[in-house]
Structures are given as C-alpha cells and as structure tokens.
Amino acid sequence: MRFEHVPTDDDAASIHIDGLEENLTILHLTDSHMAEGDKRDPEAAESVARFQKRFQERTPGGVPAWDLFRQTLAAAAARGVDAAALTGDIIHFPAHAALDIVQAGVDELGVPTVYTPGNHDWHFPHLEWSEETRAEYYPRFRGLTDDSPACGSTEVGGVRLITLDNSTYQVSDGQVEFLRAELDSGQPCLLFVHIPIWIKSLAPTVMEKWKAPIMMASPTGWTQEAREKWRVLEALPSTRACHDLLKSKAATNLAAIFCGHVHFAHTDVVQPGCQQYVTAPGFEGGYRFIELTGLD
C-alpha cells in the first residue's frame with residue numbers, strides 16, 4: 001500500500017493514500033490538561049485549584065484550558081471533520097467533572113471519536129502511581145473508549161483508526177497482538193497513542209526540553225534518577241516488540257502515528273511511507289487537522 005506525506009505546517013497533516021475512495025478530515029487533539037473537579041471527587045479539590053492556575057498561566061490569552069478545548073472542537077465542527085482522535089492528557093486527572101466536559105464535547109461534535117489515555121488521565125496527584133491506581137480509574141474511561149481503554153479501533157471511510165494505551169511507556173503482549181491483527185486487516189491504518197515512539201531525530205529535542213528520553217522504547221538517555229522521577233521502568237520485551245513491529249514490513253499498511261506528551265510539534269519518518277506526527281499541546285492552543293486524500 002502506497003502513502004505520500006505532503007509537507008505541512010505543525011497544525012496539519014496531509015497524506016495521500018493509494019485507493020482511498022473518499023477524502024477525510026480528522027481532528028487530532030492532545031494534552032489539553034483540563035483540571036476540573038466537583039463534590040464527586042472531594043479529595044482532588046487542592047489539585048484542581050493548583051493545576052487550573054498552572055495551565056491557565058500558559059494558555060493563549062490566559063483562558064481556562066476547558067475553553068480552549070471547546071474552541072478547538074467548535075473549529076473542528078465548523079470545518080466539517082469526519083472523525084476526531086483524542087490522544088491522552090486531555091484531562092489532568094480522572095475527576096468526573098473533567099470527564100463530563102470531554103464527553104459533552106464529543107457528543108456535541110457528533111462524529112466518530114477515538115480516545116486513548118495519557119499518563120495524567122488516570123492518575124490523581126494525591127495517589128500512588130501504580131497499576132492498581134490505573135486499574136481503579138480505568139472504568140471511568142469506558143464511555144469514551146467503547147469499553148476498551150487499552151486498545152481499540154474504528155473504521156471511517158475505509159481507514160482504520162487504531163488506539164493503543166502506552167501511558168505507562170509500556171504495552172502488553174495482548175496489545176501487540178491486537179495491533180498486529182489490525183495492521184493485517186488490509187486497510188490503511190492510522191495509529192493514535194499518547195507517548196511518541198522513539199525516533200532518533202526526535203530524541204535531542206525531547207532531551208533538551210525534559211532532561212529525560214520520555215519516548216516509548218528509548219534505547220538510550222535514561223538515568224536511574226530520571227526513571228524514578230518519570231516512573232519509567234526498562235522497556236518490557238512486549239514494548240520493544242511493539243516498537244519493532246511499527247518499524248517493520250508487517251506495518252506497511254500503517255500510514256502514520258499521531259501522539260503528544262512532549263508538548264511540542266514534530267514530524268519525521270518512522271519507515272518509508274509512514275511518519276510520526278507529534279502534535280502541540282491543546283492547553284497552548286495546539287491541534288492538528290489530518291487531511292486524507294486519494295493517491296493518483
């Protein structure tokens with residue numbers, strides 16, 4: 001399957017797909033970091049106030065993060081998008097009030113939408129970072145993920161939109177097998193994750209900004225201190241297998257990977273025909289419109 005990527009600005013991606021019968025426009029939004037809460041999550045009250053202030057200080061015009069989120073969805077609706085993909089840290093912790101804002105926005109947009117969690121989505125700052133915490137709050141994302149936060153897919157106009165939760169910097173054997181089966185579907189695929197996969201050209205900017213290689217399956221750059229700070233264990237065999245799969249001939253139906261997490265925009269080649277698009281964070285006004293067209 002042939003794909004051609006047309007150079008664009010940081011808020012767009014233009015991909016020509018061999019055999020695509022109808023043009024598609026997809027919104028990609030990531031890292032809105034909405035810190036909301038109410039009496040349903042009383043233990044989060046201090047975090048709500050603290051992180052609302054932190055992110056509002058960094059939004060264009062000093063507006064609340066939820067305002068930017070709604071503005072972006074309104075722009076997507078005005079553009080007439082065919083689908084939307086939200087790739088994690090849309091909320092800063094899993095308070096019911098924040099999830100309500102996301103669900104209301106998705107419902108109002110009214111197009112097929114995929115969602116994959118980020119490292120902040122499922123974790124309250126006052127709780128331990130652990131698989132137990134993630135398992136406790138995973139159910140809150142069932143409505144946004146078609147009851148499958150770990151991985152999922154939906155078809156829009158002949159293109160498979162695949163999600164994979166890599167919010168712990170790891171993926172499981174089951175997730176890898178799910179991804180492999182999706183890539184074997186014979187249809188063009190787009191993969192949506194929160195954390196970028198390691199690409200050599202991405203690493204220097206990530207290291208400069210974060211002082212740690214906060215990408216999935218990074219082979220270098222981690223110190224013990226950085227691992228403890230970011231709570232990142234050495235890549236599991238399944239995580240390395242996923243990275244290898246995405247760069248292999250078995251992924252020739254994969255046109256692109258879309259992600260966020262590192263809070264800046266970046267685009268580069270994963271393998272011939274496939275590029276990774278890192279989108280700027282929503283709390284800074286970032287988003288990306290993905291334009292898919294047929295290839296003559």
# chains A, B, ... in the order shown; residues from 1 in each chain; ligands from 1
$ select_by_dssp --residues "stretch 58-248 of chain A" --states "strand (DSSP E)" --output "MDAnalysis selection string"
chainID A and resid 83:86 113:115 151:156 159:164 189:192
$ select_by_dssp --residues "stretch 25-186 of chain A" --states "alpha helix (DSSP H)" --output "ChimeraX atom specification"
/A:45-56,65-79,96-109,131-137,173-183
$ residues_around --residues "stretch 36-43 of chain A" --least-positions-apart "5" --cutoff "7 Å" --atoms "only C-alpha atoms" --output "list in words"
Val48, Ala95, His96, Ala97 and Ala98 of chain A
$ write_last_selection --atoms "N, CA and C atoms" --output "CSV table (one decimal), in the first residue's frame"
chain,number,residue,atom,x,y,z
A,48,VAL,N,-7.2,20.5,41.9
A,48,VAL,CA,-8.0,21.3,40.9
A,48,VAL,C,-7.5,22.8,40.9
A,95,ALA,N,-11.1,13.2,37.3
A,95,ALA,CA,-12.3,13.6,38.0
A,95,ALA,C,-13.5,13.5,37.1
A,96,HIS,N,-14.7,13.2,37.7
A,96,HIS,CA,-15.9,13.1,37.0
A,96,HIS,C,-16.2,14.4,36.2
A,97,ALA,N,-16.0,15.6,36.8
A,97,ALA,CA,-16.3,16.8,36.2
A,97,ALA,C,-15.5,17.0,34.9
A,98,ALA,N,-14.2,16.6,34.9
A,98,ALA,CA,-13.4,16.7,33.7
A,98,ALA,C,-13.9,15.8,32.6
$ closest_residue --among "A:Asp296, A:Glu136, A:Glu284, A:Asp244" --to "A:Leu68" --atoms "only C-alpha atoms"
A:Glu284
$ closest_residue --among "A:Arg140, A:Ser201, A:Asn253, A:Asn119" --to "A:Ser185" --atoms "only C-alpha atoms"
A:Asn253
$ closest_residue --among "A:Gly19, A:Phe124, A:Ala77, A:Arg240" --to "A:Arg2" --atoms "only C-alpha atoms"
A:Gly19
$ residues_around --residues "A:Pro139" --least-positions-apart "2" --cutoff "12 Å" --atoms "only C-alpha atoms" --output "count of residues only"
21
$ closest_residue --among "A:Glu132, A:Asp31, A:Glu21, A:Asp100" --to "A:Thr59" --atoms "only C-alpha atoms"
A:Asp31
$ atom_distance --atom1 "atom CA of A:Phe289" --atom2 "atom CA of A:Thr267"
13.9 Å
$ closest_residue --among "A:Val111, A:Ala280, A:Leu161, A:Ala44" --to "A:Leu127" --atoms "only C-alpha atoms"
A:Ala44
$ atom_distance --atom1 "atom CA of A:Phe55" --atom2 "atom CA of A:Leu73"
18.9 Å
